[in-house]
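Beneath this line is the structure, given in C-alpha cells, with notes to follow.
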Amino acid sequence: MFVPDCLSRAGSRRLLTAAILCCGIFTGVPGARAQTDYAEIAQRVATMLEEEHYLRHPFDDEMSERLLDNYLEFLDFGRIYFIQEDIDRFNKDYRHQLDDLIRQRNIDAANEIYGVYLERVRSRVDLVKKLLAEGEFTFDSDRTILLSRKDAAWPKDMAASDQLWHDLLEGDLLQETLRQDAIQRREAEKGEPEPKKIRPLDAPKEEAPEAKPDAPKEEKASEAEADAADAPKKDPPTVADAKKEPEAPKDVILKRYNRILESVNDNDAEDVAVMFLKALSRAYDPHSEYFSQSQYDNFRIQMNKSLEGIGAMLGTEEDGSSSIQGLVVGGPAHKGGELQVADKIVGVGQGEEGEVEDTIGMKLSDVVDRIRGEKGTTVRLKVIPASSADGSETKIIRIIREKVDLKDSLASAELIETKDAQGNPLRLGWINLMSFYSDMDGGNTSTTADVQRLVNRLMGEGVQGIVVDLRDNGGGSLEEAINMTGLFIPRGPVVQSKDWEDRIDYKSSHNRIALWGGPLIVLTNRSSASASEIFAAALQDYNRAVIVGEKTTFGKGTVQQLRAVQTSRLRLPFAAPSEMNGALKLTIQTFFRIDGTSTQLHGVIPGVQLPSTDDVLDIGESALSNPLNVEPIPAQPYELFSEVKLPSEELAKRSSARIKDNQDFKYVVEDIADAKRRIDENTVSINRAKREQELKDLEARREVRKQETIERFAKTRESEKGLFTVYALTQDNVHAPGLTLKSDLSLEETSGMIGKKPEEEDPEIKALEYPHTFDPFKRETIHILEDLIAIQAAPQKPVDISGGPAAPPQAGR
C-alpha cells in the first residue's frame, strides 16, 4: 500500500501523538516487555534504505554525515545544550564512521551522544536553579537573544554556554514577568474588585507554598475550583472557591525547566534507539521514517479511523497521574458510564484478576500501552474520581475493550444557503477534509466513499457549486486521492510516478462520468501536502477546478510505502508472531502531475492567491533537511474536462479588488510585514524598558484592531441577517431526513468526543467570532465561488489553452 507522508516532521509527530493518546491497538498482548536488539534493527533498516529506497544510494560516509546531523538536530535543535567541543568530538569519532559501525550492529554512538546530551541538560538545569536562587536580573542591559538559533553557532565552551544560558534565562524571566503584568492589567481593566497581586520576581517560595507532586489534595482543590464555576454557589465558600495567586516568575520558570529535565530523564534505551533510527531513515529524505511497533500501530489507527480499546483520550497531570481528557461517544468507556472526564488513572490491571500496576509517574505512552488491547479483553482501571474532594478516594472500573470509530476527522460538509448578486436564492456546498484516510486492513473506511455520500446529498439539496477545503490536509492514502479525483472527472490518468529505475507509470480514475460536473473550487494552504497536492494538481491540469489559496502548497512529491522491519531473532514489545520489529516508511517513487511537472519543492500554485503570513514562514518541503530534487518527465495524454478555459484570471482580478478593501485582509498584510521584519531581525531585547514600550505599542495596536473588529462584526451580523443559513452534514446525518443547522450541532456530535465542560464564554470572545463562522479565507472563497457560478452560467466560447493536450486518455496500467 502506498502511503504518502502526512506532511512534515512536526505534522507526523502530531499525528502519532494524537494516536498515542487514544487508547487503542490492533495486535499484541499488553503488559510484558521483551528485550529488543536495536543494533540489529539499525543494521536491517540501513540495508533496506540502501537497497529499497528511491535513491538507491549506498549507506556510506555521506549518509553517515546526514545521520549525525539529523540526530544532533533531534536532540538540540536550538543549539543550546551541546558546546563546540562536543560537536568536534562527535565529528571526529562518528561523522564518517556511523555507516561502518551500524553495519557491524553497533549503535553505541547513539547512547554515547545521548549520554553527553543528558549530562549537558542536567548541567544547564542546575545552572538555571543556581541563577534563580542567587542571580540578580535587572533587565536593564542592551543584550539581545536570538529568536531562532537553528543556524547559530554552538557555544564555544562552557563559559560561553553559561553566558548564553544567563541571557536565555533572563529572557524567559522577562517574558513571564511581562505576561503576568499584562494579565494583571487586563483584569484591572475588567473592573475586578481585587485584582491579583503579582509577587516580586525574587519572592521566596514560603510566601506561597507550591503543591508537591505527591500532594493531590492541594491539586484537587484547584480542580474543584474549576468544577465549581459551573455549579450552584455553595454556602459557606471553601478554599477551593478562592482564586489561586499566580506563582512568582522564578517559580514558573523553574517548573518549566524541571519538566524538561524530567522529560529527558524519562527517555529509556528504546526511546533513544528509536530516535536514532528515525535520524538514520531521514538521512535519505525527510519522509522516510522508522516506526517502532507501537508507533506503527498508532499510524494504522489514524489511517483506519478506528481502534480497538476503551475509547478515551489521556493527558498527564503534574502529580504524575494520567487524566481522562475526553471519551469517544459510543465507545466502551462512554457506554459503561463509570469513567468520567477529569478522572485520574493511577493504576492498570489486565483481565479480571491481573495485578493492578501503579502508573503514577509512568510515561503517558506506557500507560496507554497498558490500557489498550484486543477486542473482547478486559482492562481494570484504578481511578481517582474527579468528584473526589481530597483525592483520597479510589475505585476500580472494569471495561471490555471494543472497536472504536474515530469521527473527529472524517469528511464532513456544510450546505450554505445565500443569495447571489441579483438576490436570487443560491445553494453552495462546502466539503471539509482533514486527511485522505483509508482502511489499511481491508475494511470499509474510505475517504472517497465518505465524500461521495456528502456530494450526493449536496446534489440532492440542489447546490450550484462546491468547495473542497484541503487546508491543513497533510495527505494520506494515494489510492484515495486518485479515487476521489474520479468523483469530479471522467475516466483518465490522475498522477504519474517514477521509480529508481526511471520506469514511468501512471494511475487513473475509473469512473465513466464525473459524479459532480458543476462549478468546483479546491481551497489549499501551505500545509496542504502530498495526496492533497495530487488531487488539486490533477483537477487543475484537467481544467476542472479553480485552485484558491496561499502562494503554493507544501511541495511534497514523493511516494512512501510501509514495509515491515523483520530481523532474524528478536522482536519489539507487542510484536505480532511474524517477528515484526516496527516498520519503515520508505520513499520508493516520486510522483508527477499528468502534464509531466512535479509538485516536489514547488507545490501547486493556485489560480487565485490569497495573502497569508504562512507565505513568509519557514514551511514546506524546501524547509526540510535532505529533500529530493526531481526533473520533469513527459506529459501523459489526457482530455480536458472542458474546452472553455476556467476564468481564474478574472476571478483573481475580482478577488484582488475585494481583498484590497477588506479590513481582515488588510490586517493580514500588516501581519505579513511584521513577520518579515521579525524574521529578518531575528533578535529580541532583554531590556525591560524597551520590551515594555514595544508591548505597549503592540497592545495599543491590538486594542484598536480588536475594537474595530468587534464593531465591524456586529454591523456585519446585522446587515447579513437572513443572508446566510448554514447546515451541517456529517457521516452520521448525511442520510437523515431534514437538515441540521450548524449552530445546533453540538461539539460532541461533530467530534464524536465528550470533553471537559467549557467554561462560561467570555462575551468579548463571542463578539470576536467570525460572522457565520466564516474566516476571511472562507468568506472570500465563497465570493469566488459565487463569481465562478455566475461566469460559467453565461454563454462561453472554447478557448485554446496553450500546452493543453488533445489526445484521448489511455487505459491505466
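Labels for the C-alpha cells follow display order: chains A, B, ..., residues from 1 in each chain, ligands from 1.
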ask   = Among stretch 283-391 of chain A, which ones does DSSP place in strand (DSSP E or B), written as a ChimeraX atom specification?
value = /A:289-291,306-316,322-328,344-350,357-358,378-384
Keeping only N, CA and C atoms, write the selected residues as an mmCIF file, in the first residue's frame.
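So the final result, stored in result30.cif, reads:
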data_model
loop_
_atom_site.group_PDB
_atom_site.id
_atom_site.type_symbol
_atom_site.label_atom_id
_atom_site.label_comp_id
_atom_site.auth_asym_id
_atom_site.auth_seq_id
_atom_site.Cartn_x
_atom_site.Cartn_y
_atom_site.Cartn_z
ATOM 1 N N GLU A 289 10.837 7.132 7.331
ATOM 2 C CA GLU A 289 10.798 7.184 8.794
ATOM 3 C C GLU A 289 10.628 5.792 9.382
ATOM 4 N N TYR A 290 11.398 5.523 10.406
ATOM 5 C CA TYR A 290 11.236 4.276 11.150
ATOM 6 C C TYR A 290 10.157 4.456 12.207
ATOM 7 N N PHE A 291 9.240 3.482 12.297
ATOM 8 C CA PHE A 291 8.216 3.441 13.330
ATOM 9 C C PHE A 291 8.491 2.250 14.237
ATOM 10 N N SER A 306 -10.187 4.007 13.178
ATOM 11 C CA SER A 306 -10.800 3.155 14.186
ATOM 12 C C SER A 306 -9.688 2.489 14.985
ATOM 13 N N LEU A 307 -10.063 1.980 16.156
ATOM 14 C CA LEU A 307 -9.101 1.307 17.013
ATOM 15 C C LEU A 307 -9.836 0.281 17.850
ATOM 16 N N GLU A 308 -9.065 -0.556 18.527
ATOM 17 C CA GLU A 308 -9.640 -1.478 19.494
ATOM 18 C C GLU A 308 -9.100 -1.104 20.861
ATOM 19 N N GLY A 309 -9.997 -0.685 21.735
ATOM 20 C CA GLY A 309 -9.581 -0.237 23.050
ATOM 21 C C GLY A 309 -10.778 0.222 23.845
ATOM 22 N N ILE A 310 -10.584 1.244 24.686
ATOM 23 C CA ILE A 310 -11.686 1.704 25.534
ATOM 24 C C ILE A 310 -12.290 3.004 25.030
ATOM 25 N N GLY A 311 -11.614 3.697 24.092
ATOM 26 C CA GLY A 311 -12.171 4.933 23.557
ATOM 27 C C GLY A 311 -12.031 6.100 24.503
ATOM 28 N N ALA A 312 -10.807 6.381 24.934
ATOM 29 C CA ALA A 312 -10.559 7.502 25.845
ATOM 30 C C ALA A 312 -9.315 8.246 25.408
ATOM 31 N N MET A 313 -9.292 9.533 25.692
ATOM 32 C CA MET A 313 -8.115 10.354 25.423
ATOM 33 C C MET A 313 -7.493 10.748 26.755
ATOM 34 N N LEU A 314 -6.180 10.549 26.854
ATOM 35 C CA LEU A 314 -5.479 10.768 28.121
ATOM 36 C C LEU A 314 -4.546 11.967 28.047
ATOM 37 N N GLY A 315 -4.290 12.541 29.199
ATOM 38 C CA GLY A 315 -3.289 13.586 29.348
ATOM 39 C C GLY A 315 -2.537 13.368 30.646
ATOM 40 N N THR A 316 -1.403 14.038 30.800
ATOM 41 C CA THR A 316 -0.573 13.867 32.000
ATOM 42 C C THR A 316 -0.798 15.030 32.957
ATOM 43 N N SER A 322 -2.441 10.071 35.135
ATOM 44 C CA SER A 322 -2.953 10.291 33.777
ATOM 45 C C SER A 322 -4.441 10.605 33.890
ATOM 46 N N SER A 323 -4.855 11.715 33.318
ATOM 47 C CA SER A 323 -6.247 12.123 33.457
ATOM 48 C C SER A 323 -7.016 11.891 32.169
ATOM 49 N N ILE A 324 -8.307 11.675 32.300
ATOM 50 C CA ILE A 324 -9.187 11.479 31.150
ATOM 51 C C ILE A 324 -9.542 12.847 30.567
ATOM 52 N N GLN A 325 -9.067 13.107 29.354
ATOM 53 C CA GLN A 325 -9.330 14.375 28.689
ATOM 54 C C GLN A 325 -10.591 14.322 27.830
ATOM 55 N N GLY A 326 -10.964 13.125 27.407
ATOM 56 C CA GLY A 326 -12.154 13.003 26.584
ATOM 57 C C GLY A 326 -12.544 11.547 26.428
ATOM 58 N N LEU A 327 -13.820 11.306 26.117
ATOM 59 C CA LEU A 327 -14.347 9.971 25.879
ATOM 60 C C LEU A 327 -15.002 9.937 24.514
ATOM 61 N N VAL A 328 -14.688 8.910 23.729
ATOM 62 C CA VAL A 328 -15.293 8.766 22.415
ATOM 63 C C VAL A 328 -16.756 8.384 22.590
ATOM 64 N N LYS A 344 -8.803 10.565 37.247
ATOM 65 C CA LYS A 344 -7.372 10.294 37.169
ATOM 66 C C LYS A 344 -7.112 8.798 37.259
ATOM 67 N N ILE A 345 -6.307 8.291 36.325
ATOM 68 C CA ILE A 345 -5.930 6.881 36.346
ATOM 69 C C ILE A 345 -4.609 6.750 37.095
ATOM 70 N N VAL A 346 -4.599 5.914 38.125
ATOM 71 C CA VAL A 346 -3.388 5.732 38.926
ATOM 72 C C VAL A 346 -2.908 4.291 38.915
ATOM 73 N N GLY A 347 -3.656 3.403 38.236
ATOM 74 C CA GLY A 347 -3.240 2.012 38.150
ATOM 75 C C GLY A 347 -3.987 1.287 37.050
ATOM 76 N N VAL A 348 -3.376 0.248 36.478
ATOM 77 C CA VAL A 348 -3.981 -0.520 35.391
ATOM 78 C C VAL A 348 -3.736 -2.004 35.643
ATOM 79 N N GLY A 349 -4.800 -2.812 35.495
ATOM 80 C CA GLY A 349 -4.684 -4.255 35.623
ATOM 81 C C GLY A 349 -5.253 -4.946 34.399
ATOM 82 N N GLN A 350 -4.690 -6.090 34.057
ATOM 83 C CA GLN A 350 -5.132 -6.831 32.874
ATOM 84 C C GLN A 350 -6.075 -7.964 33.276
ATOM 85 N N GLU A 357 -1.175 -2.534 38.282
ATOM 86 C CA GLU A 357 0.156 -1.918 38.285
ATOM 87 C C GLU A 357 0.037 -0.411 38.519
ATOM 88 N N ASP A 358 0.830 0.091 39.449
ATOM 89 C CA ASP A 358 0.835 1.521 39.748
ATOM 90 C C ASP A 358 1.367 2.289 38.535
ATOM 91 N N THR A 378 -10.513 -7.617 28.803
ATOM 92 C CA THR A 378 -10.892 -6.724 29.907
ATOM 93 C C THR A 378 -9.675 -5.982 30.445
ATOM 94 N N VAL A 379 -9.858 -4.711 30.740
ATOM 95 C CA VAL A 379 -8.850 -3.922 31.430
ATOM 96 C C VAL A 379 -9.491 -3.335 32.676
ATOM 97 N N ARG A 380 -8.748 -3.320 33.779
ATOM 98 C CA ARG A 380 -9.235 -2.743 35.030
ATOM 99 C C ARG A 380 -8.433 -1.491 35.340
ATOM 100 N N LEU A 381 -9.129 -0.403 35.565
ATOM 101 C CA LEU A 381 -8.500 0.884 35.842
ATOM 102 C C LEU A 381 -8.721 1.280 37.295
ATOM 103 N N LYS A 382 -7.626 1.607 37.969
ATOM 104 C CA LYS A 382 -7.728 2.175 39.314
ATOM 105 C C LYS A 382 -7.805 3.684 39.146
ATOM 106 N N VAL A 383 -8.905 4.265 39.609
ATOM 107 C CA VAL A 383 -9.229 5.650 39.261
ATOM 108 C C VAL A 383 -9.495 6.481 40.507
ATOM 109 N N ILE A 384 -8.985 7.719 40.491
ATOM 110 C CA ILE A 384 -9.402 8.735 41.464
ATOM 111 C C ILE A 384 -10.489 9.559 40.774
#
inquiry  = as an NGL selection string, please: the residues near A:Tyr284 (cut-off 12 Å, only C-alpha atoms, same-chain neighbours under 4 positions excluded).
reply    = :A and (45-46 or 48-60 or 62-67 or 70 or 277-280 or 288-290 or 585-588 or 624-628)
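Distance annotation: of A:Lys766, A:Arg143, A:Arg427, A:Arg512, the residue with the minimal separation from A:Ile789 is A:Arg427; atom set is only C-alpha atoms.
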message = Need the shell around stretch 490-500 of chain A: protein/DNA/RNA residues with any atom at most 8 Å away, counting only C-alpha atoms. Skip same-chain ones fewer than 2 positions apart. Format as an MDAnalysis selection string?
response = chainID A and resid 53:56 482 485:488 502:514 534:535 538 588:594 596 636 638:639 641 809:812
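The shortest atom-to-atom distance to A:Lys778, with only C-alpha atoms taken into account, belongs to A:Arg471 out of A:His287, A:Arg122, A:Arg95, A:Arg471.
In this comparison, which uses only C-alpha atoms, the residue of A:Gln175, A:Asn111, A:Thr394, A:Ser123 approaching A:Asn267 most closely is A:Asn111.
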key: All helix (DSSP H, G or I) residues (DSSP, backbone) inside stretch 325-432 of chain A, as a PyMOL selection string   = chain A and resi 332-336+364-371
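Computed from the coordinates, the atom CA of A:Leu406 to atom CA of A:His772 distance equals 26.8 Å.
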Env of A:Ser530: 10 Å cut, atoms = only C-alpha atoms, seq-sep filter 3 positions within chain, self excluded. Answer as a compact mmCIF listing (two decimals) with N, CA, C and O atoms, in the first residue's frame.
# COMPACT_ATOMS: atom_id res chain seq x y z
N VAL A 3 1.62 4.96 0.91
CA VAL A 3 1.20 5.88 1.96
C VAL A 3 2.05 7.12 1.93
O VAL A 3 3.12 7.16 2.52
N PRO A 4 1.64 8.18 1.19
CA PRO A 4 2.40 9.43 1.23
C PRO A 4 2.48 9.95 2.65
O PRO A 4 1.55 9.78 3.43
N ASP A 5 3.57 10.57 2.97
CA ASP A 5 3.80 11.08 4.31
C ASP A 5 2.72 12.08 4.67
O ASP A 5 2.14 12.72 3.81
N CYS A 6 2.46 12.22 5.96
CA CYS A 6 1.36 13.06 6.40
C CYS A 6 1.72 14.53 6.50
O CYS A 6 0.91 15.32 6.94
N LEU A 7 2.92 14.91 6.12
CA LEU A 7 3.30 16.32 6.00
C LEU A 7 4.75 16.49 6.32
O LEU A 7 5.61 16.08 5.58
N PHE A 436 -6.58 12.14 3.77
CA PHE A 436 -7.07 11.10 2.87
C PHE A 436 -6.87 9.76 3.58
O PHE A 436 -5.85 9.10 3.43
N ASN A 473 -4.58 19.82 5.20
CA ASN A 473 -4.68 18.39 4.90
C ASN A 473 -3.30 17.91 4.46
O ASN A 473 -2.84 18.22 3.37
N GLY A 474 -2.63 17.15 5.33
CA GLY A 474 -1.27 16.73 5.07
C GLY A 474 -1.14 15.51 4.19
O GLY A 474 -0.03 15.06 3.93
N GLY A 475 -2.25 14.95 3.69
CA GLY A 475 -2.16 13.83 2.77
C GLY A 475 -2.73 12.57 3.35
O GLY A 475 -3.71 12.59 4.09
N GLY A 476 -2.12 11.45 3.00
CA GLY A 476 -2.61 10.14 3.44
C GLY A 476 -2.49 9.13 2.33
O GLY A 476 -1.42 8.95 1.75
N SER A 477 -3.60 8.49 2.00
CA SER A 477 -3.59 7.41 1.03
C SER A 477 -3.58 7.93 -0.40
O SER A 477 -4.46 8.69 -0.81
N LEU A 478 -2.59 7.51 -1.18
CA LEU A 478 -2.51 7.87 -2.59
C LEU A 478 -3.70 7.33 -3.36
O LEU A 478 -4.29 8.02 -4.20
N ALA A 481 -6.71 9.48 -2.89
CA ALA A 481 -6.61 10.75 -3.64
C ALA A 481 -6.99 10.52 -5.11
O ALA A 481 -7.68 11.34 -5.73
N SER A 527 0.09 24.13 4.15
CA SER A 527 0.15 22.83 4.80
C SER A 527 -0.65 21.76 4.07
O SER A 527 -0.79 20.64 4.57
N GLU A 533 -2.02 17.47 -2.77
CA GLU A 533 -1.42 18.09 -3.94
C GLU A 533 -1.71 17.28 -5.21
O GLU A 533 -1.89 17.85 -6.29
N ILE A 534 -1.76 15.96 -5.09
CA ILE A 534 -2.13 15.12 -6.23
C ILE A 534 -3.54 15.47 -6.69
O ILE A 534 -3.81 15.65 -7.88
N PHE A 535 -4.46 15.54 -5.75
CA PHE A 535 -5.86 15.85 -6.05
C PHE A 535 -5.99 17.23 -6.69
O PHE A 535 -6.62 17.39 -7.74
N ALA A 536 -5.40 18.24 -6.05
CA ALA A 536 -5.52 19.61 -6.55
C ALA A 536 -4.85 19.77 -7.91
O ALA A 536 -5.39 20.41 -8.82
N THR A 553 1.38 25.22 -2.23
CA THR A 553 1.15 24.20 -1.23
C THR A 553 2.49 23.72 -0.67
O THR A 553 3.53 24.31 -0.92
N PHE A 554 2.48 22.62 0.07
CA PHE A 554 3.66 22.19 0.81
C PHE A 554 4.84 21.84 -0.09
O PHE A 554 5.99 22.15 0.22
N GLY A 555 4.58 21.15 -1.20
CA GLY A 555 5.65 20.79 -2.12
C GLY A 555 6.22 19.41 -1.91
O GLY A 555 7.41 19.18 -2.14
N LYS A 556 5.37 18.45 -1.51
CA LYS A 556 5.83 17.08 -1.33
C LYS A 556 5.41 16.24 -2.53
O LYS A 556 4.21 16.05 -2.75
N GLY A 557 6.38 15.74 -3.28
CA GLY A 557 6.08 14.96 -4.47
C GLY A 557 6.70 13.59 -4.43
O GLY A 557 7.21 13.11 -5.45
N THR A 558 6.68 12.94 -3.27
CA THR A 558 7.27 11.61 -3.14
C THR A 558 6.23 10.63 -2.61
O THR A 558 5.28 11.02 -1.93
N VAL A 559 6.45 9.36 -2.91
CA VAL A 559 5.53 8.30 -2.50
C VAL A 559 6.25 7.37 -1.54
O VAL A 559 7.38 6.95 -1.80
N PHE A 591 6.26 11.25 -7.51
CA PHE A 591 5.08 11.36 -8.37
C PHE A 591 5.10 12.67 -9.15
O PHE A 591 5.72 13.66 -8.74
N THR A 599 5.22 18.33 -8.23
CA THR A 599 4.90 19.22 -7.10
C THR A 599 6.06 19.26 -6.11
O THR A 599 6.04 20.09 -5.19
N GLN A 600 7.05 18.37 -6.27
CA GLN A 600 8.16 18.31 -5.33
C GLN A 600 8.87 19.66 -5.26
O GLN A 600 9.33 20.20 -6.26
N GLY A 603 5.21 22.63 -5.14
CA GLY A 603 3.83 22.62 -4.73
C GLY A 603 2.88 22.88 -5.89
O GLY A 603 3.25 22.81 -7.06
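Once A:Asp167 and its same-chain neighbours fewer than 3 positions away are set aside, A:Arg143, A:Thr144, A:Ile145, A:Asp162, A:Gln163, A:Leu164, A:Glu170, A:Gly171, A:Asp172, A:Ile686 remain within 9 Å of it when counting only C-alpha atoms.
In this structure, atom CA of A:His783 sits 17.7 Å away from atom CA of A:Ser612.
The neighbours of stretch 648-657 of chain A here are the residues that come within 7 Å of it, using only C-alpha atoms and leaving out any residue fewer than 5 positions away in the same chain; they are A:Val546, A:Gly607, A:Val608, A:Ile784, A:Asp787.
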